[in-house]
Structures are given as C-alpha cells and as structure tokens.
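> This is the structure I want to talk about, given as structure tokens.
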Amino acid sequence: MARIGVDVGGTNTDLVLEANHGVFFHKVVSTPQDQSEGVLKGLEELCEIGGISPSDVDLIVHGTTVATNITIEHDGADVGMITTRNYRDILHIGRHKRPHNFSLHFEVPWQNRVLVKRRNRVPVTERILPPDGRVEVPLHESEVMEAIARFKKRGIASVIIGFMFSFLNDAHEKRAKAIVEREMHDAFVCTSSEVVNVIREFERFSTAAMNAFIGPKTTVYLTRLQRRLAENGFRANLRVIQSNGGISTVETCSKRAVSMLMSGPAGGVIGGRSEGQLVGSDNLITVDIGGTSADISTIPDGRIKIMNPRDSYVSGHPILIPMIDLVTIGAGGGSIAYIDSAGGFHVGPRSAGADPGPACYGRGGTEPTVTDAQVVLGRLDADKLLGGDLPIDPGLARRAIETKIAGPLGLSLTDAALGIIKVINSNMALAIRSNSVARGVDPREFSLVPFGGAGPLHGVALAQAVSAKDIIVPVAPGITAAMGLLETDMQYEHARSLVTSLTRIDGEAARRFDALVNDLVAECRSDLENDGVPSERQKFLRFAECRYHGQGFELRADIPDGDVTTDNVKNIIASFHQQHRLDYGYAFDDGEVELITVRVIGLENVTPLKVARLEEANGVGIDAALLYDRETTFDDGRTLETPRYDRGELRAGHNVPGPAVIIQHNSTVVVPPDYQADVTEYGNLHIRGPN
Amino acid sequence: MPDQELDPITLQVISGALDTIAEEMGHILFRMSFSSIIRESQDLGAGLFDTEFNTLCESESTPLHIGSIPGYLEGIAETLQGGVWNDGDAVIHNHPYHGASHSPDIAIVIPIFYKGEHVGFAANTAHHLDIGAATPGLIIDIPDVYAEGMLFAGTKLYEKGQRNDALWEYIGRNSRAANELQADLEAQIASARLGVRRFGELLDRYGKDTVLTATRQLMDYTERVLRQRIAAIPDGEYHAEGFLDDDGKNRGVRLPIKVCVRVKGDGIEIDLTGSADQVETGFNVPFEGSTKVACFCAIRSLLLDAETSEIKVPSNQGSFRPINVFAPKGSIYNPEFPAAAEARFAQINRVIDLIYKALAPVLPDDIIAGSSASLSFVAYSGVRPGGDYWVFLEVNEGSYGGRPRSDGPDSIDNLMANTRNNPLEDLAVHLPMICDRYELRDDVMPGAGRYRGGIGCVKEQRMLTDGFITHENERHEDVPWGIFGGHEGATGRVELFNIGNPSERREMPAKFSGMRLQAGDVHVFYGPCGGGYGDPLDRPPAEVLEDVLDDFCTLEHARQAYGVIIDPASETVNEPETEALRRDMRTSPGAAEAALASAVASGAQPLEPTPGPAPAPVETPKPLPAASLSPAPPRAEPDLSQIVRRLHETFGSAWSFEILSHERNGGGVTVVGEVKANGSRARETGRTNGGNGLSVGQQFEAAADDSLRRCAAALLEATERSQDLRTA
C-alpha cells in the first residue's frame, strides 16, 4: 500500500509519500502554466526517493489551485445561461449591496467581473410557483432552441439553466438541459438545482454560473493529468480534495468543479488537525502562515467546521458550496511595515511577495517586512534559511527597518523590529478571536497549531495573545497541508430545500421530511458505490439547516438516527437551540423553529496517515542536537544568548527549555524564555508556558 | 489620563482591538435579528463611545447609522430617566427631537462601568419594522411627530439589571410587528452587552489609562488624515442646487435644495441655507441624527474612498470633526418640533449628490456624475387570516452616475444607502406576495458619456391578498445630472395596475402613504438611471458595441448619443460610417460646440457665484489631485484645473471661453478658442499632432484644452503686467 499527497501552491508543490516502509517528503517548484508538469515531476522524484516504482502507488490525493486561479485570472469559459423570462438580471443585480460603505470608485465583482455576460443570458418563457412548485406556465421549448442557436453562433460551449423556484420543482431545468445536451453534444451543461438545490435565486444561479465558468478548464486539467500519469506508469486512483475537506473522484470534480474552489487551504486545516490529535488534543486552532497571508481555522472537538453559506464568497461571487470555516488575513513573512502620511503605523496587508521579497533577500526590496524584523531580532539565522539554500543579508534588513521605521519613529532598531512583530501578531490574534471567541469558542481550552514556513516563528506569541493553552508544532510545518491530503475522507454531499415549520410539524410534513432524508442518503450511497466504497465503510451525516421563523440565516442541527417522526423532531429543535446559543450566545427557547434545507454527507472512512514514531532519546541528551549559540531578542524585549538546535537531531522524549531556537529545513521554531518544548513520540514539538 | 503620548505600535494594536469589538457587536445584532430590514438590509449601527459621547469605534454596517449615535447620547443626556446612569441600566431611545436619526431607528444604550467608574457606553441602533405609527411600516403624510408611533427618550428598559416589564409589555402591545420588534430589541441588548464585556476585557488587558489615551490619539489620527485630504482642495465656496418632487401631500410644489461647500484650509463647511422650509408632512430631516450624518458620509466617501485608499482609517469621532454642517432652524434639513421627520432618506442622499456636483470644478478626478441619489422605501403590509399583521419593508436600489475612470454601477444601493435586497424566493415562500419581474430597465437609457451612468432596475411586486402600501420615494422630476459633456440620466417612475386588467396602468407620484391594495394589485418600481461623465463621442466605439451586445444600449441610442453605427448581424462597428457621423456631430453647428465647449466650460460653471474668499497665492499651489477635465489624454502641460483656478482667482466668474472654430488637418486637429475677461480677450490656436492612440474626440478635446491654456496664459500675463505697472 502506497499513497501520495500532492499539494500545489503558488511557489512550491509539496508531496508526501506514505509507503509500507515509511513516510517521505518532497518539494518541487510549481509550474503555473500547467500544474500537471510540476506534479508529475514531483511524483516521479518522490517515488525515486521512496524507492518505489510509479506502479506501486495505489492512491494519489491532489490539492490544486487550478480552479481558484481561474477565478483570480478571470479567464474561465464563455458561459451561456437560459433563465426565466422577466428575471434576466438576477446575476447582474445580485443583492444590490455595494462592497464598501464609503467609496465612489468601487468595483462591483458581479458586474465588472461577470460569470455570464448579459448578451448570453437568454430569458425563456416558463414559470413555476411557490409554495408547492406547481407549473404556472409550461416551458416554451422553441425559445430554448432559439437560445441554443444564439450560443452556437457565439461559439459558446458551456451552458447553465437557472430557473426561478427550481428548488421546488426542477422539471423545467431538467427538460431544458436535455434539449441543450441533445443539440450541443460536447457542451458543459449544468442546471442550478443540480449544482446546489437550495432556496435563494441569486446565490444558486451564481454557484451554477461559477461551476460552468471554471468547469471546462478544470476538466481539461484533471483529464490531462490523469492521462499523463497513466502514460508515465502510474496506475493509482487520482482523487481531488474539495472545499469541504473531503476528497472526490476526477469524474465528480469535473461535473462539480465549483466544489474544488477553496480546496487550497483545506489540506492545511486537516493536516493541522491530525498533528494536534497525534499529541492528544482535540480542540485546535490551526494557523497556516505563508509569505503573504495567514489562514486561521478553529476545530472544536476535532470537528472541522463548515462556513455559514451566507459567508461563502469566491472572488466576490457568492458560492453556496460547503467550505471549511476559516479566515484569511493579509499577514505573513512578506507583509510590509510602513508609516503613513499621518503618522499611523501599519504592517500588511501589502506584501513584498516572493519578488522582490523581504529586503534581506537582496533582490531589490527596500521596504521592511516581518521577515526582516525576525532577522534583526536574531530569530532567523542568515546562514540557515532553507538549510542555507537561501542566503540572506541581515545588513539589508537592518537598513530597511532603520531608515523606514526606527528613524522616523525615533525608536531603537530592536524596538522597531519588535513593534513590527507586535502589530502583525496582534492582527493575527484578532483574526483568531473573530474565528473563535466571536463564535462561542473559548481559546483557553484550545491548542494552537502553527505551520506554514513562518508559522512556528509566531506560534507561541499568538497562543499567548489569545490565551490558548499550549502550542503543537507539526513534524514538518512546511508540508503540513500535503500531509493533510492523506488524512481525509471520500465525501459526497447532497442537499435540498424543504421549507416547513418544525415546531408545528404534522405527520404529513414529517413523512415528507423523512422521505427527503432517505432520498439524499440514497444519492450519497450511490455516489460512494460508484467509487467502489463497500457498504461497511460508508457513513452518513444528516443535518437539518434551520432558523427561527422570520430569521434570515440557517444553522445546522443534527438529525437523530432512524426515521424522522413528529416525535424525534424535538431533538432536532433542541440541537438547533443549542447551536444558536453556541454561535450567538443566545437562544429563543420558545421561538418557532423552521426547517429550510436538509443536507446529507456520505463519507468513506479513510485510513489515517501512519506517521512513524521518532527514535527515543534513550538517555542521549539534547546537546547532540545543539548547533551553536547566538543572541536572540524575545517579545518581552530581553536579548539573550540563545542556543540553536537541529530539529533533525532531536529525539522523542527530549525536553528543550527556552530560550531556544529550533531549526529545520524550511521552518524555524522560537521557544521563548520560560517556555519549554517537549519532543513527542511522533516528533511534534509540544510547547508549554510556565503555568 | 496621562499626557504621555503612546507609541504608534501600541496605538495600532488597540485600534485593531476596538475595530474587532465593533464588528462583533454589529455581527451579533444582524445575525440574531428577525426582521429582514435588520438581518438582510443590515440597517443598523453599533459601537463604543466615551463619556463625552465621542465615537471610539463603529461597525461597518449602514452609513446612515455611522455617526448618528453621538446625537442619541446627547439626547439621552437631556432626558435620562432619573438623571443618573447606574451599572446594569439599558436605555431605549428614539426621539427625533432628542438626537435620534428618525423614530424607527431605536437605540439601545448601556453604560460601561469599570471598577465602579463610568467610562463609556456600548450602544447600537437598528431600524425597526413597525413602532405603531399612523400607517404600517412607513409614514409620510402625517401631521406631526406624535403620529410616528411610540417615542422613547432616555427611558430605562433595564434599571440596575432589572427589566421594566410594564414597559416591555407596553411595547409588545403597540406595534403591528410586536414579535419582531421585541426579538430585535433583545438582539440589540445582546449586542450592547457584548460591547460592555469586550471593552472591560480591553481595559483589563492594557490598563484604563492606556486605552483611553489610545482612543483619544486614534481620534486625532483619523482627524489628521481627513484634514490632510481637505487641505489639498483649493479654498473656496462651491455651490450646487437641485429640487425634490414634493412633500408627499402638496403635489406639484417642488422643494429646492441648495448646497454650499466652503473649503477653508483643512476644514469644510456644508451650508444648506436656501433649501426649502420645513414641510407639513413627515418629509423632514432630523438635523443631528440625519442631516449631519449624511454630510459626514459624503466627505468620507469622497476623500477616504475605501477602494482607493491604501490605509484604513479607524472609524471614530475624528472623521466628523473637520466637517461643520449648517441648516437654518425651520428648514427641511433642521425642522422645528413638533414637525414629523420620519421620511428623510431621499433628501439627504440628494445633499451628498449635490456636494459632489459643487466640488466638480476642483475635484474632477474624484467626483462622479449625478446618481439616482434618492431611495425607494416601500412598506407592504396586510392582515393575516388570524388577525395578525404582516409588514415587509423593501429598499429598492438606484444606480450611480458615470465616474472619471469607469461606468456608473447599475442597479445598486446608492451613496448613503447600502442594504441587501431580499431573495425573491425566500419572500414568496413566507409572504402573500410574489415578484413578477426584476431586471434592468429597458424603457429608458442611462446618461451617455465617456463613462455612462448606471441603469436602474424594474421591480414588479404583486399582492396575493388585500393589504396596504406606503412608498417613500423621490426623483420623478429632477433628472440625474451629467458632467463634463456627459448627458443627463433618467428619472424614476412608479406604476400600479391589477393583474386582471394589465392594460389599465396608473402612473403614481413618487411618494404615497397608507394606500389600500387589493389582491392582484401590482406595484411597479422603475429606478432612476445615472448621468454620464465626459463626452459620449469620446467613448471608444468598441465599448459602445459591447453595451449594445449586452442590451445596455439600443442601436438607436448608440447612433444618437454616441455617434456609433453598429451592424447587428455581424456584431461589429461600422468604422467608416461611425467616424463620419462623429465628425458631423462634432463639426455641425451647435452639436460640436455643445460637445466641446461643455466639456471645457462646464468645469467652470458651478463656480460662478464667488471664488474663494482667500485665494491661495498662485506661486505656491497646493498639491492638487491630478485634475483634468477629460480622463483620456495624458498631458505634459500644466494641469488644466490649475489654469481654471488661476482664471478664477484673477477674474472671479467674469471670464468665459468660447470655441470659434475647429478642424482636422493631416494627422492632427486644431481648435481656435477665445478667452474673454474684464473687457480684454485672448485668441489662441490649440493643436494636437494626432496619433498617440487618441480618438478624434479626444484629440479635439486636447486641442481645446491647449487653446484654453494658451489663451489663459496670454491673458493672465497681460493682466499681471498691467497690475505691475499700476503698483509701480
């Protein structure tokens, strides 16, 4: 059994191989023009490193930014839309709210970066009406034919059907789709209700439009990758990670490309969770800090949270696809520190990126960054960055901070550098708060898991700022996201809206509710069976998305096992009240609870990554790992002669007292005075403070 | 408070913390609330305030709430029950003559006590569905403020932690939407309590003195940033006017709006003197809570544009300080008790629109052309079979005027308004109403321009049962203005008809109150379209083609307004015919002069009345924003707006520029123009050498600019010489 996780990032493609004889890591440069090149190169090299042949690999799990990049570059397909007459501009008007309160020169993403041009949104005569989805006006099929003629003339090969109230009755959407498929053989076609079968026309249409916008290109990419793998001797199943953290097949991803949109950070959250669980902690805050941004996610009880669909936007377009609940802020090693014309001091979100990069890289950057501050404070050793592969010039870092910050503010160089770190940490700590405290989670019961290249430099300070109980540094912080790919489950979701009162539910409504749950479970089961998942490994999670009657936002409540009856609906109501209390600190116990959408998730439990145990210290002291001592300045302002340890030489059971700096190839861990780091049996660093 | 200034690092850390508290307060309020006006439209505001009522931080929700709460706090100070704040109190307040924005915007204010000392307030405001006014939801044609419904002034809903149950029950019996009202008030209380808790934690963490010093410095910082931006505007008085259709009762009686923007140094005064007297309906504007707030919003959007500013300035009292607002007592913008003053949105949105018009000559690259600048606010209601009321408040969107670098956005909340519309499917599942049509208008075209105005929407809402409607709306008569050669936009419209007899349509006035509707009645709203920015003949034909393909523009309009001939079959521009037509339009008498002269001179027109009282010396010009009357051609020559300013400084409004002739020759164009002032004149030829990728229109404009520049230089030099002679 051999499995590979391959995660494509903007700069690097990270790979993890789990084989019977061990776990192997690799990193290659990403190939943005065609990501599959870098992926293939990395896979071949990793097989060599692991000493296996490509044909030995059983499973490849892939994290890719292909879909996301299409939205960033806005270079997806020309999409045609067939929609209900009199509602041509649902996608153009959106929710009619501006992106900023105070701006005259703002951009409107759904008007300036459209998914379907207005000329290609063709209204046809048809009408379905609430509350029961009855057909008021039949579909005029001749008008569908006219729309198709227009699409053909314009060379359009990607089409969506979006009709009003299709979540109540999808007959017209299905019929129109059949006609389009009959007339346009190779076109990418989807209906709004098959992409996301829920109430709210703009969000449903937008999700379908995004699917059709990115679908053709992502399909081409995945198909090409699959073909190249086969051509090069790989016989493994290729799986792709989804925005919700589950994995799926190439076929499914091609149909529902929109599910891959936020897959980028998903691997990191899952990888961070596994690392925390290795140390026995289930309450985790993962912080993935890269060059320009930080992704933060809160995981209570080991359960990865899904973002409220109301907050799920991609490039300014609402996308009603379950995605992992995380916040991204513009804070990273490349974040620039500057003083504005009125004397205000800022760090980020502007970033020096990879080019020119921080001043100390010597590539022409003159503005001081967070990395420069770390260098000035003696936390990053010039000769040790990327194992010495990236030579840096501390003089340039000092000069940038001296001239741009310390001089103008009348501070010492050290105080200026400390100030930069303080502000960036404060920004990140506030983001952690907004993803935890603000949602009813108490960080004092949580462990902070810092990773990404820059994460372990900030981990302790962030834990301190949010009062997290301790810090768990992953085995390979630079590659945690790729490891996460091997830690997740095959996952399918199906959802459908059913608007009914739960408080006043009668037998008939309960039967409809129950039938819907069964339908959705059957759909998930069939997906899993198509993937060859045996029934004993299938698992189903069932949720009722509810709100108090009159509210506008739903929260997820659990549906108890067994049939839904008027009797056990009470448990759903209780679960909803509890969720409301957790999220808002308040519940209306006698409020009427209304069901809006039923959701079922079908899972295959995947075997977790087997991380090898680290060799035991067995009486060997940490001095074997000692590199040298150098001066390092800590957040409390003290500058101390601080030992450097080579993480590769540390053994399970070692205890590294602070102050210490622990160096590995692509990451540096700072252990401040009064803290200590225990090396766990799997090689994680478990850092704890004096209390 | 220690006098010692805090370092910018600590300041930034506390600034971020305050910002987060305000956001969290706003978040919990709109996520918990029941009525769609709060949860979807986010018609709310929340923040922290010091004991002197300064805003320390405020949530990013709806602009009209931002900056209104200090007025409430002043009003509560005048009326506070028992006269003393106690720990555990929560005050409910909405009195428009005691600082409230308008009566439906109810504030909940909780004092913050830290170690026994009163250190500030956590407060929020939210727009409530129904407070028991004369008609359901909204009101216009009412006699006085008492018809607005329940009025609270400094009333303690909680006293030392104990709820006043009598008051609570009273509230529950005096609203047509009592359940929503009470639940939303509970959400407000939860939000304010959260603010109290979070502020306490902040003081625990950094120490009271440090935090309070930081708040003071942060206000100074915000003020400093805004003053820097104001100082860059040339001193002067800038005027603009418009009018409102009527007061909702006295049909045909237009209400003038006069805006004077006085820029002096690093401060701005907005003076509304000359605007209409207060009216006899509820169409008046509370001064403290609404008139002032609108002016703050106008200046902040213009000078601290969130999209283009690199830094995010903390949202606090400092952003209000450089702005002084004046409206005479007894005017529509500062009514006297007991005039009703509930329906006030359109009036203040027009003030913002006219502030931009006034500043056009000096900030041509920052202002935008005339927007819809009103608000359509509809209250639909009815009685359910069980006898309960349902009330639905809908905000209909407007559109923006063309902008210096981009078209005006279509069908979107405008200027001061920034709400979310309700999903049509969600509404239809919950209310006895159905929307029959919602898309862009196609009965009119938006203002043509180098950058066109935005297109308004059309929305048809049909009642499925009998009910009531009140529509607070404007802009059926005063057309959104174009600028720098851009054409004017289009006014709004409202129709009523019954689905059983669709051919019999009634054109309605913009405003009407408490009208009964029958099942099947359809209310049709057409939003105004924005004016254009710059000469439409300068819009590249390719962009006009795109608009035609997207049905934003008809073939006819493309030809008439833009001089662009399009072949619909091949979906291409007929370039030779277009070039010829555009040449004709520019050169035929009248048409060309209108196109060219207005592009140049309209920049000067609004300045007419008087130049700045203390003109800045020409030798040390203030750093001007890169000002040019046309966004297109890059010029190495001195900035045209500086020339215009110098002309004003020298001659006041007593100068004019006229284009005498213009022609194309070889690759370039020439324009002969003449500036007259004080009896002297200068006539100079301006030219371009063509090319540089400029359209013919842009070349003409550049040549006209060149001519004006040369004339002005000659005339100014002559005048200075003669002055020198006199002095000598």
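Ordered as shown in the structure tokens, chains take letters A, B, and onward, while each chain numbers its residues from 1 and ligands are numbered from 1 in the order shown.
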Within 7 Å of chain B, which residues of chain A show up when using only C-alpha atoms, listed as a PyMOL selection string?
chain A and resi 86-90+93+95-98+100-106+118-119+130-131+165+199-201+342+344-345+419+423+426-427+430+438+550-553+584
> Please identify all polymer residues within 7 Å of Ile355 of chain B, counting only C-alpha atoms, omitting same-chain residues fewer than 4 positions from it, and present them as a PyMOL selection string.
chain B and resi 259+261+351+359
> Could you write those residues out with C-alpha atoms, as a compact mmCIF listing (two decimals), in the first residue's frame?

# COMPACT_ATOMS: atom_id res chain seq x y z
CA VAL B 259 -25.78 73.18 -1.10
CA VAL B 261 -19.48 73.71 0.27
CA VAL B 351 -27.33 66.54 -0.37
CA LEU B 359 -16.94 70.17 -5.97
> When you look at Ile270 of chain B with a cut-off of 8 Å (counting only C-alpha atoms), what residues show up, excluding the ones that are within fewer than 6 positions of it in the same chain? I need them as a JSON list (two decimals) with C-alpha atoms, in the first residue's frame.

[["chain", "number", "residue", "atom", "x", "y", "z"],
["B", 259, "VAL", "CA", -25.78, 73.18, -1.10],
["B", 260, "CYS", "CA", -22.78, 75.39, -0.46],
["B", 261, "VAL", "CA", -19.48, 73.71, 0.27],
["B", 262, "ARG", "CA", -16.99, 76.06, 1.91],
["B", 295, "CYS", "CA", -22.54, 65.22, 5.17],
["B", 323, "ILE", "CA", -16.79, 68.91, 8.96],
["B", 324, "ASN", "CA", -19.18, 71.60, 10.05],
["B", 325, "VAL", "CA", -22.80, 71.35, 8.95],
["B", 326, "PHE", "CA", -25.31, 74.17, 8.96]]
> Pick out the residues sitting within 10 Å of Ile565 of chain B, and hand them over as an mmCIF file with N, CA and C atoms, in the first residue's frame; count only C-alpha atoms, and ignore anything fewer than 6 positions along from it in its own chain.

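The result, written out as around07.cif:
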data_model
loop_
_atom_site.group_PDB
_atom_site.id
_atom_site.type_symbol
_atom_site.label_atom_id
_atom_site.label_comp_id
_atom_site.auth_asym_id
_atom_site.auth_seq_id
_atom_site.Cartn_x
_atom_site.Cartn_y
_atom_site.Cartn_z
ATOM 1 N N PRO B 541 -15.679 53.317 -29.716
ATOM 2 C CA PRO B 541 -16.774 52.577 -30.351
ATOM 3 C C PRO B 541 -16.848 51.126 -29.893
ATOM 4 N N VAL B 544 -18.955 50.950 -26.910
ATOM 5 C CA VAL B 544 -20.374 51.141 -27.244
ATOM 6 C C VAL B 544 -20.935 49.830 -27.815
ATOM 7 N N LEU B 545 -20.133 49.176 -28.641
ATOM 8 C CA LEU B 545 -20.557 47.894 -29.212
ATOM 9 C C LEU B 545 -20.835 46.877 -28.104
ATOM 10 N N LEU B 555 -29.444 50.158 -30.448
ATOM 11 C CA LEU B 555 -28.762 50.595 -31.675
ATOM 12 C C LEU B 555 -29.002 52.079 -31.915
ATOM 13 N N GLU B 556 -30.246 52.483 -31.682
ATOM 14 C CA GLU B 556 -30.656 53.861 -31.889
ATOM 15 C C GLU B 556 -29.858 54.813 -30.985
ATOM 16 N N HIS B 557 -29.785 54.445 -29.702
ATOM 17 C CA HIS B 557 -29.078 55.267 -28.714
ATOM 18 C C HIS B 557 -27.588 55.325 -29.063
ATOM 19 N N ALA B 558 -27.040 54.210 -29.540
ATOM 20 C CA ALA B 558 -25.628 54.184 -29.918
ATOM 21 C C ALA B 558 -25.375 55.222 -31.006
ATOM 22 N N ARG B 559 -26.325 55.328 -31.929
ATOM 23 C CA ARG B 559 -26.121 56.279 -33.014
ATOM 24 C C ARG B 559 -26.345 57.706 -32.540
ATOM 25 N N THR B 572 -20.568 44.062 -35.292
ATOM 26 C CA THR B 572 -19.344 44.859 -35.413
ATOM 27 C C THR B 572 -19.707 46.337 -35.571
ATOM 28 N N VAL B 573 -18.699 47.185 -35.345
ATOM 29 C CA VAL B 573 -18.851 48.619 -35.563
ATOM 30 C C VAL B 573 -18.571 48.915 -37.033
ATOM 31 N N ASN B 574 -19.425 49.704 -37.642
ATOM 32 C CA ASN B 574 -19.141 50.189 -38.993
ATOM 33 C C ASN B 574 -18.229 51.400 -38.842
ATOM 34 N N GLU B 575 -16.939 51.170 -38.999
ATOM 35 C CA GLU B 575 -15.993 52.216 -38.610
ATOM 36 C C GLU B 575 -16.017 53.449 -39.496
ATOM 37 N N PRO B 576 -16.036 53.274 -40.827
ATOM 38 C CA PRO B 576 -16.059 54.499 -41.646
ATOM 39 C C PRO B 576 -17.291 55.348 -41.349
ATOM 40 N N GLU B 577 -18.454 54.708 -41.272
ATOM 41 C CA GLU B 577 -19.674 55.488 -41.023
ATOM 42 C C GLU B 577 -19.646 56.128 -39.643
ATOM 43 N N THR B 578 -19.107 55.399 -38.689
ATOM 44 C CA THR B 578 -19.024 55.940 -37.334
ATOM 45 C C THR B 578 -18.129 57.173 -37.304
ATOM 46 N N GLU B 579 -16.990 57.050 -37.981
ATOM 47 C CA GLU B 579 -16.058 58.173 -37.981
ATOM 48 C C GLU B 579 -16.697 59.392 -38.634
ATOM 49 N N ALA B 580 -17.408 59.127 -39.729
ATOM 50 C CA ALA B 580 -18.045 60.243 -40.433
ATOM 51 C C ALA B 580 -19.128 60.870 -39.563
ATOM 52 N N LEU B 581 -19.923 60.031 -38.940
ATOM 53 C CA LEU B 581 -21.014 60.555 -38.115
ATOM 54 C C LEU B 581 -20.465 61.350 -36.934
ATOM 55 N N ARG B 582 -19.445 60.803 -36.310
ATOM 56 C CA ARG B 582 -18.870 61.503 -35.162
ATOM 57 C C ARG B 582 -18.273 62.841 -35.602
#
> For the structure I just gave you, how does DSSP split segment 182-248 of chain A - specifically, which residues are alpha helix (DSSP H)? Reply as JSON, numbers by chain.
{"A": [182, 183, 192, 193, 194, 195, 201, 202, 203, 204, 205, 206, 207, 208, 209, 210, 211, 212, 213, 214, 215, 216, 217, 218, 219, 220, 221, 222, 223, 224, 225, 226, 227, 228, 229, 230, 231]}
> Taking C-alpha atoms for each residue, export the selection above as a PDB file, in the first residue's frame.

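Everything below was put into selection-v8.pdb:
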ATOM      1  CA  ARG A 182     -29.256  16.944 -27.452  1.00  0.00           C
ATOM      2  CA  GLU A 183     -28.368  19.989 -29.540  1.00  0.00           C
ATOM      3  CA  SER A 192     -28.789  25.423 -10.949  1.00  0.00           C
ATOM      4  CA  SER A 193     -30.685  22.852  -8.908  1.00  0.00           C
ATOM      5  CA  GLU A 194     -28.272  20.024  -9.648  1.00  0.00           C
ATOM      6  CA  VAL A 195     -25.280  22.113  -8.623  1.00  0.00           C
ATOM      7  CA  GLU A 201     -32.090  32.519  -6.606  1.00  0.00           C
ATOM      8  CA  PHE A 202     -29.023  34.775  -6.868  1.00  0.00           C
ATOM      9  CA  GLU A 203     -26.774  32.546  -4.803  1.00  0.00           C
ATOM     10  CA  ARG A 204     -27.988  29.389  -6.591  1.00  0.00           C
ATOM     11  CA  PHE A 205     -27.520  30.901 -10.060  1.00  0.00           C
ATOM     12  CA  SER A 206     -24.155  32.346  -9.092  1.00  0.00           C
ATOM     13  CA  THR A 207     -22.934  28.967  -7.878  1.00  0.00           C
ATOM     14  CA  ALA A 208     -24.067  27.263 -11.089  1.00  0.00           C
ATOM     15  CA  ALA A 209     -22.554  30.035 -13.200  1.00  0.00           C
ATOM     16  CA  MET A 210     -19.231  29.690 -11.404  1.00  0.00           C
ATOM     17  CA  ASN A 211     -19.393  25.958 -11.988  1.00  0.00           C
ATOM     18  CA  ALA A 212     -19.835  26.462 -15.715  1.00  0.00           C
ATOM     19  CA  PHE A 213     -17.208  29.212 -15.777  1.00  0.00           C
ATOM     20  CA  ILE A 214     -14.440  27.081 -14.301  1.00  0.00           C
ATOM     21  CA  GLY A 215     -15.736  23.608 -15.228  1.00  0.00           C
ATOM     22  CA  PRO A 216     -14.420  23.208 -18.780  1.00  0.00           C
ATOM     23  CA  LYS A 217     -10.868  24.261 -17.891  1.00  0.00           C
ATOM     24  CA  THR A 218     -10.632  22.260 -14.696  1.00  0.00           C
ATOM     25  CA  THR A 219     -11.946  19.215 -16.553  1.00  0.00           C
ATOM     26  CA  VAL A 220      -9.262  19.638 -19.177  1.00  0.00           C
ATOM     27  CA  TYR A 221      -6.618  19.922 -16.486  1.00  0.00           C
ATOM     28  CA  LEU A 222      -7.711  16.900 -14.487  1.00  0.00           C
ATOM     29  CA  THR A 223      -8.195  14.748 -17.567  1.00  0.00           C
ATOM     30  CA  ARG A 224      -4.775  15.697 -18.856  1.00  0.00           C
ATOM     31  CA  LEU A 225      -3.157  14.978 -15.514  1.00  0.00           C
ATOM     32  CA  GLN A 226      -4.869  11.609 -15.353  1.00  0.00           C
ATOM     33  CA  ARG A 227      -3.671  10.780 -18.871  1.00  0.00           C
ATOM     34  CA  ARG A 228      -0.076  11.863 -18.187  1.00  0.00           C
ATOM     35  CA  LEU A 229       0.003   9.830 -15.019  1.00  0.00           C
ATOM     36  CA  ALA A 230      -1.148   6.762 -16.935  1.00  0.00           C
ATOM     37  CA  GLU A 231       1.407   7.425 -19.668  1.00  0.00           C
TER      38      GLU A 231
END
> Select, from A:Tyr628, A:Tyr645, A:Phe167, A:Phe540, the residue with the minimum atom-to-atom distance to Gln664 of chain A, counting only C-alpha atoms.
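Residue with the minimum atom-to-atom distance to Gln664 of chain A: A:Tyr645.
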> Quick one: of A:Arg512, A:Arg121, A:Arg399, A:His62, who's nearest to Val250 of chain A, counting only C-alpha atoms?
A:His62
> Need the shell around Arg496 of chain A: protein/DNA/RNA residues with any atom at most 9 Å away, counting only C-alpha atoms. Skip same-chain ones fewer than 4 positions apart. Format as a ChimeraX atom specification?
/A:167-168,193,196-199,516,520,596-599
> Env of Ala510 of chain A: 12 Å cut, atoms = only C-alpha atoms, seq-sep filter 3 positions within chain, self excluded. Answer as a PyMOL selection string.
chain A and resi 498-507+513-517+563-570+595
